[in-house]
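Colleague: One file is attached below, query_25.csv, containing CSV, C-alpha atoms and all ligand atoms.
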```
chain,number,residue,atom,x,y,z
X,1,MET,CA,114.0,116.0,81.5
X,2,TYR,CA,113.2,113.3,84.0
X,3,PRO,CA,115.1,113.4,87.2
X,4,ALA,CA,116.7,110.2,88.3
X,5,THR,CA,115.6,109.8,91.9
X,6,ASP,CA,117.7,106.7,92.8
X,7,GLY,CA,115.4,105.4,95.4
X,8,LEU,CA,115.0,108.6,97.3
X,9,LEU,CA,111.4,108.2,98.0
X,10,VAL,CA,110.2,111.8,98.0
X,11,ALA,CA,107.3,112.9,95.9
X,12,THR,CA,108.9,113.8,92.6
X,13,MET,CA,108.8,117.5,91.9
X,14,ASN,CA,109.3,118.6,88.4
X,15,GLU,CA,109.0,121.9,86.5
X,16,LEU,CA,107.2,120.2,83.6
X,17,ALA,CA,103.4,120.2,83.7
X,18,ARG,CA,101.9,117.0,84.9
X,19,PRO,CA,100.3,114.8,82.3
X,20,ALA,CA,96.7,113.8,83.2
X,21,LEU,CA,97.6,110.1,83.2
X,22,SER,CA,100.6,107.9,83.6
X,23,VAL,CA,100.7,104.2,82.8
X,24,VAL,CA,103.5,102.4,84.7
X,25,ALA,CA,104.6,98.8,83.8
X,26,PRO,CA,107.6,96.9,85.2
X,27,CYS,CA,109.2,94.6,82.6
X,28,TYR,CA,111.5,91.7,83.1
X,29,ASN,CA,112.4,89.7,80.0
X,30,GLU,CA,109.3,91.0,78.1
X,31,GLN,CA,110.7,91.6,74.7
X,32,ASP,CA,108.1,89.5,73.0
X,33,VAL,CA,105.1,91.3,74.6
X,34,LEU,CA,106.2,94.9,74.6
X,35,PRO,CA,105.2,95.8,71.1
X,36,GLU,CA,101.7,94.4,71.5
X,37,PHE,CA,101.5,95.9,75.0
X,38,LEU,CA,102.3,99.4,73.7
X,39,ARG,CA,100.0,99.0,70.7
X,40,ARG,CA,97.0,98.2,73.0
X,41,VAL,CA,97.9,100.8,75.7
X,42,GLY,CA,98.5,103.4,73.0
X,43,ALA,CA,95.1,102.7,71.4
X,44,VAL,CA,93.4,103.1,74.8
X,45,LEU,CA,95.3,106.4,75.5
X,46,ASP,CA,94.4,107.7,72.0
X,47,SER,CA,90.7,107.0,72.7
X,48,LEU,CA,90.8,108.8,76.1
X,49,GLY,CA,92.6,111.9,74.6
X,50,GLY,CA,94.5,114.3,76.9
X,51,ASN,CA,98.1,114.3,77.9
X,52,SER,CA,99.6,111.0,79.0
X,53,GLU,CA,102.8,109.1,79.4
X,54,ILE,CA,103.8,105.4,79.5
X,55,VAL,CA,106.6,104.6,81.9
X,56,LEU,CA,108.3,101.3,81.3
X,57,VAL,CA,110.9,99.9,83.7
X,58,ASP,CA,113.4,97.4,82.5
X,59,ASP,CA,114.2,95.4,85.6
X,60,GLY,CA,117.6,94.2,84.6
X,61,SER,CA,116.3,92.0,81.8
X,62,ARG,CA,118.6,89.4,80.2
X,63,ASP,CA,116.9,89.6,76.8
X,64,ARG,CA,116.5,92.5,74.4
X,65,THR,CA,113.8,94.2,76.5
X,66,TRP,CA,115.8,97.4,76.8
X,67,GLU,CA,116.6,97.7,73.1
X,68,THR,CA,113.0,97.1,72.3
X,69,MET,CA,111.9,99.7,74.8
X,70,THR,CA,114.2,102.4,73.6
X,71,ALA,CA,113.4,101.8,69.9
X,72,LEU,CA,109.7,102.1,70.8
X,73,ALA,CA,110.4,105.3,72.9
X,74,ALA,CA,112.2,106.9,69.9
X,75,ALA,CA,109.0,106.4,67.9
X,76,ASP,CA,106.5,107.7,70.5
X,77,SER,CA,107.3,110.6,72.8
X,78,ARG,CA,104.7,109.4,75.3
X,79,ILE,CA,107.0,106.5,76.2
X,80,VAL,CA,109.6,106.9,79.0
X,81,ALA,CA,112.0,104.0,79.2
X,82,VAL,CA,113.7,103.5,82.6
X,83,ARG,CA,116.5,101.0,83.0
X,84,LEU,CA,117.6,99.8,86.5
X,85,MET,CA,121.1,98.9,87.4
X,86,ARG,CA,120.2,95.2,87.9
X,87,ASN,CA,117.2,93.0,88.6
X,88,HIS,CA,115.4,94.4,91.7
X,89,GLY,CA,112.2,92.3,91.5
X,90,HIS,CA,108.7,93.2,90.6
X,91,GLN,CA,107.7,95.4,93.5
X,92,LEU,CA,110.9,97.5,93.5
X,93,ALA,CA,110.9,97.8,89.8
X,94,LEU,CA,107.3,99.1,90.0
X,95,THR,CA,108.3,101.5,92.8
X,96,ALA,CA,111.1,102.9,90.5
X,97,GLY,CA,108.6,103.5,87.8
X,98,LEU,CA,106.1,105.1,90.2
X,99,SER,CA,108.8,107.5,91.5
X,100,VAL,CA,109.6,108.6,87.9
X,101,CYS,CA,106.0,109.0,86.6
X,102,ARG,CA,104.4,112.4,86.9
X,103,GLY,CA,100.7,111.9,86.0
X,104,GLU,CA,97.7,113.2,88.0
X,105,ARG,CA,96.4,109.6,87.8
X,106,ILE,CA,98.5,106.5,87.6
X,107,LEU,CA,97.6,103.2,86.1
X,108,ILE,CA,99.7,100.3,87.5
X,109,ILE,CA,99.7,97.4,85.1
X,110,ASP,CA,101.8,94.3,84.3
X,111,ALA,CA,103.5,94.3,80.9
X,112,ASP,CA,102.3,90.8,80.0
X,113,LEU,CA,98.7,91.9,79.1
X,114,GLN,CA,97.2,89.5,81.7
X,115,ASP,CA,95.3,92.6,82.8
X,116,PRO,CA,93.5,94.3,79.9
X,117,PRO,CA,94.4,98.0,79.5
X,118,GLU,CA,91.0,98.5,77.8
X,119,LEU,CA,89.5,98.7,81.3
X,120,LEU,CA,91.2,102.0,81.8
X,121,PRO,CA,88.2,104.2,80.6
X,122,ASP,CA,85.9,102.4,83.1
X,123,MET,CA,88.4,102.9,85.8
X,124,MET,CA,88.6,106.6,84.9
X,125,VAL,CA,84.8,106.9,85.2
X,126,LEU,CA,84.8,105.2,88.6
X,127,MET,CA,87.5,107.6,89.8
X,128,ASP,CA,85.5,110.6,88.5
X,129,GLY,CA,82.4,109.3,90.4
X,130,VAL,CA,79.2,108.0,88.8
X,131,ASP,CA,75.6,109.2,89.3
X,132,GLY,CA,76.5,111.9,91.8
X,133,GLU,CA,78.5,109.5,93.9
X,134,ALA,CA,81.9,110.6,95.2
X,135,GLY,CA,84.9,109.8,93.1
X,136,ALA,CA,87.4,107.1,94.1
X,137,ASP,CA,91.0,107.5,95.3
X,138,VAL,CA,91.8,104.0,94.1
X,139,VAL,CA,90.1,101.8,91.5
X,140,TYR,CA,91.5,98.2,91.7
X,141,GLY,CA,91.0,95.4,89.3
X,142,GLN,CA,89.4,92.4,91.0
X,143,ARG,CA,89.6,89.1,89.1
X,144,ARG,CA,86.4,87.3,88.3
X,145,GLN,CA,88.2,84.4,86.6
X,146,ARG,CA,91.7,83.5,85.7
X,147,ASP,CA,92.5,82.0,82.4
X,148,GLY,CA,95.7,80.1,81.8
X,149,GLU,CA,96.7,79.8,85.5
X,150,SER,CA,97.1,76.5,87.1
X,151,LEU,CA,94.8,75.2,89.8
X,152,PHE,CA,97.8,75.2,92.1
X,153,LYS,CA,98.4,78.9,91.5
X,154,ARG,CA,94.7,79.7,92.1
X,155,ALA,CA,94.6,77.6,95.3
X,156,THR,CA,97.7,79.1,96.7
X,157,ALA,CA,96.5,82.6,96.0
X,158,ALA,CA,93.1,81.9,97.6
X,159,THR,CA,94.8,80.4,100.7
X,160,PHE,CA,97.2,83.3,100.9
X,161,TYR,CA,94.5,86.0,100.9
X,162,ARG,CA,92.5,84.2,103.5
X,163,LEU,CA,95.6,83.9,105.7
X,164,ILE,CA,96.7,87.5,105.3
X,165,ASN,CA,93.2,88.9,106.1
X,166,ARG,CA,93.0,86.9,109.3
X,167,LEU,CA,96.4,88.0,110.4
X,168,THR,CA,96.1,91.7,109.6
X,169,ASP,CA,93.9,94.7,110.5
X,170,VAL,CA,94.1,96.0,106.9
X,171,ASP,CA,91.4,94.7,104.6
X,172,ILE,CA,93.4,93.5,101.6
X,173,PRO,CA,90.9,92.5,98.9
X,174,ALA,CA,91.3,88.9,97.6
X,175,ASP,CA,91.9,88.2,93.9
X,176,THR,CA,93.6,91.4,93.2
X,177,GLY,CA,97.1,92.1,91.7
X,178,ASP,CA,98.7,95.5,91.5
X,179,PHE,CA,96.5,96.3,88.5
X,180,ARG,CA,94.8,99.5,89.6
X,181,LEU,CA,94.3,103.2,89.0
X,182,VAL,CA,95.5,105.5,91.8
X,183,SER,CA,95.3,109.2,92.3
X,184,ARG,CA,98.4,111.4,92.7
X,185,ARG,CA,97.5,111.9,96.3
X,186,VAL,CA,97.5,108.2,97.0
X,187,LEU,CA,100.7,107.7,95.0
X,188,ASP,CA,102.6,110.4,96.9
X,189,LEU,CA,101.5,108.7,100.2
X,190,LEU,CA,102.7,105.3,98.8
X,191,LEU,CA,106.0,106.8,97.8
X,192,ALA,CA,106.5,108.3,101.2
X,193,MET,CA,106.6,104.8,102.7
X,194,PRO,CA,110.3,103.9,102.9
X,195,GLU,CA,109.9,100.2,103.5
X,196,ARG,CA,112.1,97.8,101.6
X,197,HIS,CA,110.1,94.6,101.6
X,198,ARG,CA,107.2,96.1,99.7
X,199,PHE,CA,103.8,94.5,99.3
X,200,ILE,CA,102.3,97.3,97.2
X,201,ARG,CA,98.7,96.1,96.9
X,202,GLY,CA,98.6,95.9,100.8
X,203,MET,CA,100.3,99.3,101.2
X,204,VAL,CA,97.7,100.9,98.9
X,205,ALA,CA,94.9,99.2,100.8
X,206,TRP,CA,96.4,100.5,104.1
X,207,ILE,CA,96.3,104.1,102.9
X,208,GLY,CA,92.5,103.9,102.8
X,209,GLY,CA,90.3,106.6,101.3
X,210,ARG,CA,87.6,105.5,98.9
X,211,GLN,CA,88.8,102.3,97.1
X,212,VAL,CA,86.4,100.6,94.7
X,213,PRO,CA,86.8,97.4,92.8
X,214,LEU,CA,86.2,96.8,89.1
X,215,LEU,CA,85.5,93.2,88.3
X,216,TYR,CA,87.3,91.7,85.2
X,217,ASP,CA,88.5,88.4,83.7
X,218,ARG,CA,92.2,87.8,83.9
X,219,HIS,CA,93.7,86.5,80.7
X,220,ALA,CA,96.6,84.2,80.0
X,221,ARG,CA,100.0,85.8,79.3
X,222,VAL,CA,100.3,87.0,75.7
X,223,ALA,CA,103.9,85.7,75.4
X,224,GLY,CA,106.8,84.8,77.6
X,225,GLU,CA,106.4,83.0,80.9
X,226,SER,CA,105.6,83.8,84.5
X,227,LYS,CA,108.5,85.1,86.6
X,228,TYR,CA,106.8,84.0,89.8
X,229,PRO,CA,107.9,80.4,90.5
X,230,LEU,CA,106.8,78.9,93.9
X,231,SER,CA,109.9,80.0,95.7
X,232,LYS,CA,109.3,83.7,94.8
X,233,MET,CA,105.6,83.4,95.7
X,234,ILE,CA,106.6,82.1,99.2
X,235,ARG,CA,109.0,85.0,99.7
X,236,PHE,CA,106.4,87.4,98.5
X,237,ALA,CA,103.8,85.9,100.9
X,238,ALA,CA,106.3,86.1,103.8
X,239,ASP,CA,107.0,89.8,103.0
X,240,ALA,CA,103.3,90.5,103.0
X,241,VAL,CA,102.7,88.8,106.3
X,242,THR,CA,105.7,90.3,108.1
X,243,ALA,CA,105.0,93.8,106.7
X,244,PHE,CA,101.4,93.8,107.9
X,245,SER,CA,101.2,91.7,111.0
X,246,VAL,CA,103.0,90.9,114.2
X,247,VAL,CA,100.6,88.1,115.0
X,248,PRO,CA,103.3,85.4,114.3
X,249,LEU,CA,105.5,87.1,116.9
X,250,MET,CA,102.7,87.0,119.4
X,251,ALA,CA,102.1,83.3,118.5
X,252,SER,CA,104.9,82.3,120.8
X,253,MET,CA,102.9,83.5,123.7
X,254,THR,CA,99.9,81.3,122.9
X,255,ILE,CA,102.1,78.3,122.2
X,256,GLY,CA,104.0,79.0,125.5
X,257,TRP,CA,100.7,78.9,127.4
X,258,VAL,CA,99.7,75.6,125.8
X,259,MET,CA,103.1,74.0,126.4
X,260,ALA,CA,103.0,75.2,130.0
X,261,GLY,CA,99.6,73.5,130.4
X,262,VAL,CA,100.9,70.3,128.9
X,263,GLY,CA,104.0,70.4,131.1
X,264,PHE,CA,101.8,70.9,134.2
X,265,GLY,CA,99.8,67.9,133.2
X,266,PHE,CA,102.9,65.8,133.0
X,267,PHE,CA,104.1,67.1,136.3
X,268,VAL,CA,100.8,66.1,138.1
X,269,TYR,CA,100.9,62.7,136.3
X,270,SER,CA,104.4,61.9,137.5
X,271,ILE,CA,103.8,63.0,141.1
X,272,VAL,CA,100.7,60.8,141.2
X,273,GLY,CA,102.7,58.0,139.8
X,274,TRP,CA,105.4,58.5,142.3
X,275,LEU,CA,102.9,58.5,145.2
X,276,MET,CA,101.3,55.3,143.9
X,277,ASP,CA,104.8,53.9,143.5
X,278,ALA,CA,103.9,53.0,139.9
X,279,ASN,CA,106.3,55.1,137.9
X,280,LEU,CA,107.3,53.6,134.6
X,281,PRO,CA,110.8,54.3,133.2
X,282,GLY,CA,109.1,57.3,131.5
X,283,TRP,CA,111.3,57.4,128.4
X,284,THR,CA,108.4,57.9,126.0
X,285,SER,CA,106.9,60.9,127.8
X,286,ILE,CA,110.2,62.6,128.2
X,287,MET,CA,111.1,62.2,124.5
X,288,ALA,CA,107.7,63.4,123.5
X,289,ALA,CA,107.9,66.5,125.6
X,290,LEU,CA,111.4,67.1,124.5
X,291,GLY,CA,110.6,66.8,120.8
X,292,LEU,CA,107.5,69.0,121.1
X,293,LEU,CA,109.3,71.7,123.1
X,294,GLY,CA,112.4,71.7,120.8
X,295,GLY,CA,110.3,71.9,117.7
X,296,MET,CA,108.3,74.8,119.1
X,297,GLN,CA,111.4,76.7,120.2
X,298,PHE,CA,113.0,76.4,116.8
X,299,LEU,CA,109.8,77.4,115.1
X,300,MET,CA,109.5,80.6,117.2
X,301,LEU,CA,113.2,81.4,116.7
X,302,GLY,CA,112.6,81.2,113.0
X,303,VAL,CA,109.7,83.7,113.3
X,304,ILE,CA,111.8,86.1,115.3
X,305,GLY,CA,114.6,85.6,112.8
X,306,ALA,CA,112.3,86.5,109.9
X,307,TYR,CA,111.3,89.8,111.5
X,308,LEU,CA,114.9,90.5,112.7
X,309,GLY,CA,116.3,90.0,109.2
X,310,ARG,CA,113.8,92.4,107.7
X,311,LEU,CA,114.6,94.9,110.5
X,312,TYR,CA,118.3,94.6,109.6
X,313,ASP,CA,117.7,95.0,105.9
X,314,GLN,CA,115.5,98.1,106.5
X,315,ASN,CA,118.1,99.6,108.9
X,316,LYS,CA,120.8,99.5,106.4
X,317,GLY,CA,118.9,102.2,104.6
X,318,ARG,CA,120.1,101.4,101.2
X,319,PRO,CA,118.3,102.9,98.2
X,320,LEU,CA,115.4,100.8,97.2
X,321,PHE,CA,116.4,100.8,93.5
X,322,MET,CA,119.1,102.3,91.3
X,323,ILE,CA,118.3,103.9,88.0
X,324,ARG,CA,120.9,103.5,85.2
X,325,ASP,CA,119.2,105.3,82.4
X,326,ILE,CA,116.1,107.2,81.5
X,327,VAL,CA,115.3,107.6,77.8
X,328,GLY,CA,112.4,109.2,76.0
X,329,GLY,CA,109.6,111.4,77.1
X,330,PRO,CA,108.8,114.9,75.9
X,331,LYS,CA,111.9,116.8,74.7
M,1,LIG,N1,108.6,91.5,86.8
M,1,LIG,C1,109.7,92.4,87.1
M,1,LIG,N2,110.8,91.9,87.7
M,1,LIG,C2,110.8,90.6,88.2
M,1,LIG,C3,109.8,89.7,87.9
M,1,LIG,C4,108.7,90.2,87.2
M,1,LIG,O1,109.6,93.6,86.7
M,1,LIG,O2,111.9,90.3,88.8
M,1,LIG,C5,107.4,92.0,86.0
M,1,LIG,C6,107.0,91.2,84.8
M,1,LIG,O3,107.7,91.6,83.7
M,1,LIG,C7,105.5,91.5,84.7
M,1,LIG,C8,105.1,91.7,86.2
M,1,LIG,O4,106.3,92.0,86.9
M,1,LIG,O5,105.3,92.7,84.0
M,1,LIG,C9,104.4,90.5,86.8
M,1,LIG,O6,105.3,89.3,86.6
M,1,LIG,P1,104.7,87.9,86.1
M,1,LIG,O7,103.7,88.2,85.0
M,1,LIG,O8,105.8,87.1,85.8
M,1,LIG,O9,103.9,87.4,87.4
M,1,LIG,P2,102.5,86.6,87.4
M,1,LIG,O10,101.5,87.4,86.6
M,1,LIG,O11,102.8,85.3,86.8
M,1,LIG,O12,102.1,86.6,88.8
M,2,MG,MG,101.8,87.9,84.7
```
Would you mind writing the file out in structure tokens?

Modeller:
Amino acid sequence: MYPATDGLLVATMNELARPALSVVAPCYNEQDVLPEFLRRVGAVLDSLGGNSEIVLVDDGSRDRTWETMTALAAADSRIVAVRLMRNHGHQLALTAGLSVCRGERILIIDADLQDPPELLPDMMVLMDGVDGEAGADVVYGQRRQRDGESLFKRATAATFYRLINRLTDVDIPADTGDFRLVSRRVLDLLLAMPERHRFIRGMVAWIGGRQVPLLYDRHARVAGESKYPLSKMIRFAADAVTAFSVVPLMASMTIGWVMAGVGFGFFVYSIVGWLMDANLPGWTSIMAALGLLGGMQFLMLGVIGAYLGRLYDQNKGRPLFMIRDIVGGPK
């Protein structure tokens, strides 16, 4: 049986033999894509042969995702259906699935088939190592082109990756999602990271080792709609930046120096004016300085608040996710 780990992020130990491969997919309101997803993933696993499992996580869906999942699990013993207590969000749902899966290699994939599961054999070859080259610890899908995504989504994504790579020491490859094949060793390291605001693709990059890209074309969703509206994208970006960089906290120092320089300029200007007996009422300059300073102070308070809030969240030490049921898998 599969142990419910309830957010205790320790590498899952289990008496059952490890399957060679796990496919892990978080699902939120994906009832329409699940059958097609499992058909395509199942076909790929059949072609690969060997022991494998498919871990599906129902992230508190409001449609019939769970019923669809368990029905499919009853028909195929490779499928393990995990239901969370409520919606935890993409990254935590994925974390729950990753903590349950037991494979030697783990494929992380979205349930909406935007990332083709048919790339798995190529990823396996890259992980084995080609032409006498060393094998990889991580093979990540890197998007060559994105169908069915708006110009806006592509532009915000591009800006985001440029920003995050300037702000952090970790080299987070652009145009990637969480679609990747990771080794058990990398997964156990990932699961050992207790952080709550998770930016999994960045955390995997941070682990290091040999990480190689596999270029592919990203497709449009097969059915359903994106669960990442702008507000969620902004929150996700803020998590990524605060999880990987303290540069925004340091920014107050730079801004402070600049403001001090400007202030000194004003000081000299007013003294000279006073000496020359030419002082104007000075309302404009005072208001300008006041506005500038006030704005900067609030801005930096916001930055400090963003980090403080996350520190507070982390410090509560609540479980990252809560599992309600696990159904399926080998008897
Ligand atoms: N997802 C989830 N919980 C959520 C939102 C999304 O488990 O709260 C899943 C969703 O079912 C999908 C994956 O995360 O398998 C990526 O979500 P989506 O396709 O909506 O994001 P996009 O591809 O538009 O960035
Ligand atoms: Mg998607």

Colleague: Between atom O9 of ligand LIG 1 (chain M) and atom CA of Ala111 of chain X, measure the distance and give it in Å to one decimal.

Modeller: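 Going from atom O9 of ligand LIG 1 (chain M) over to atom CA of Ala111 of chain X, I get 9.5 Å.
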
Colleague: For ligand MG 2 (chain M), which residue out of X:Thr70, X:Ser52, X:Ser99, X:Gln114 is the nearest one, using all atoms listed in the file?

Modeller: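 Among the listed residues, the smallest separation from ligand MG 2 (chain M) belongs to X:Gln114.
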
Colleague: Distance atom CA of Glu225 of chain X-atom O9 of ligand LIG 1 (chain M), one decimal place?

Modeller: 8.2 Å

Colleague: Please compute the atom CA of Gly202 of chain X-atom CA of Leu187 of chain X distance, one decimal, in Å.

Modeller: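 Interatomic distance, atom CA of Gly202 of chain X to atom CA of Leu187 of chain X: 13.3 Å.
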
Colleague: Need the shell around Ala25 of chain X: protein/DNA/RNA residues with any atom at most 8 Å away, counting all atoms listed in the file. Skip same-chain ones fewer than 3 positions apart. Format as a list in words?

Modeller: Ile54, Val55, Leu56, Val57, Leu94, Gly97, Ile108, Ile109, Asp110 and Ala111 of chain X

Colleague: Which is closer to ligand MG 2 (chain M) than all the others in X:Trp257, X:Trp206, X:Phe236, X:Tyr228, using all atoms listed in the file?

Modeller: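 Closest to ligand MG 2 (chain M), using all atoms listed in the file: X:Tyr228.
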
Colleague: Tell me which protein, DNA and RNA residues are within 7 Å of segment 320-328 of chain X, counting all atoms listed in the file, leaving out same-chain ones fewer than 3 positions away, and put them as a list in words.

Modeller: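 Close residues of segment 320-328 of chain X: Ala4, Asp6, Gly7, Thr70, Ala73, Ala74, Ser77, Ile79, Val80, Ala81, Val82, Arg83, Leu84, Met85, His88, Leu92, Ala96 and Arg196 of chain X.
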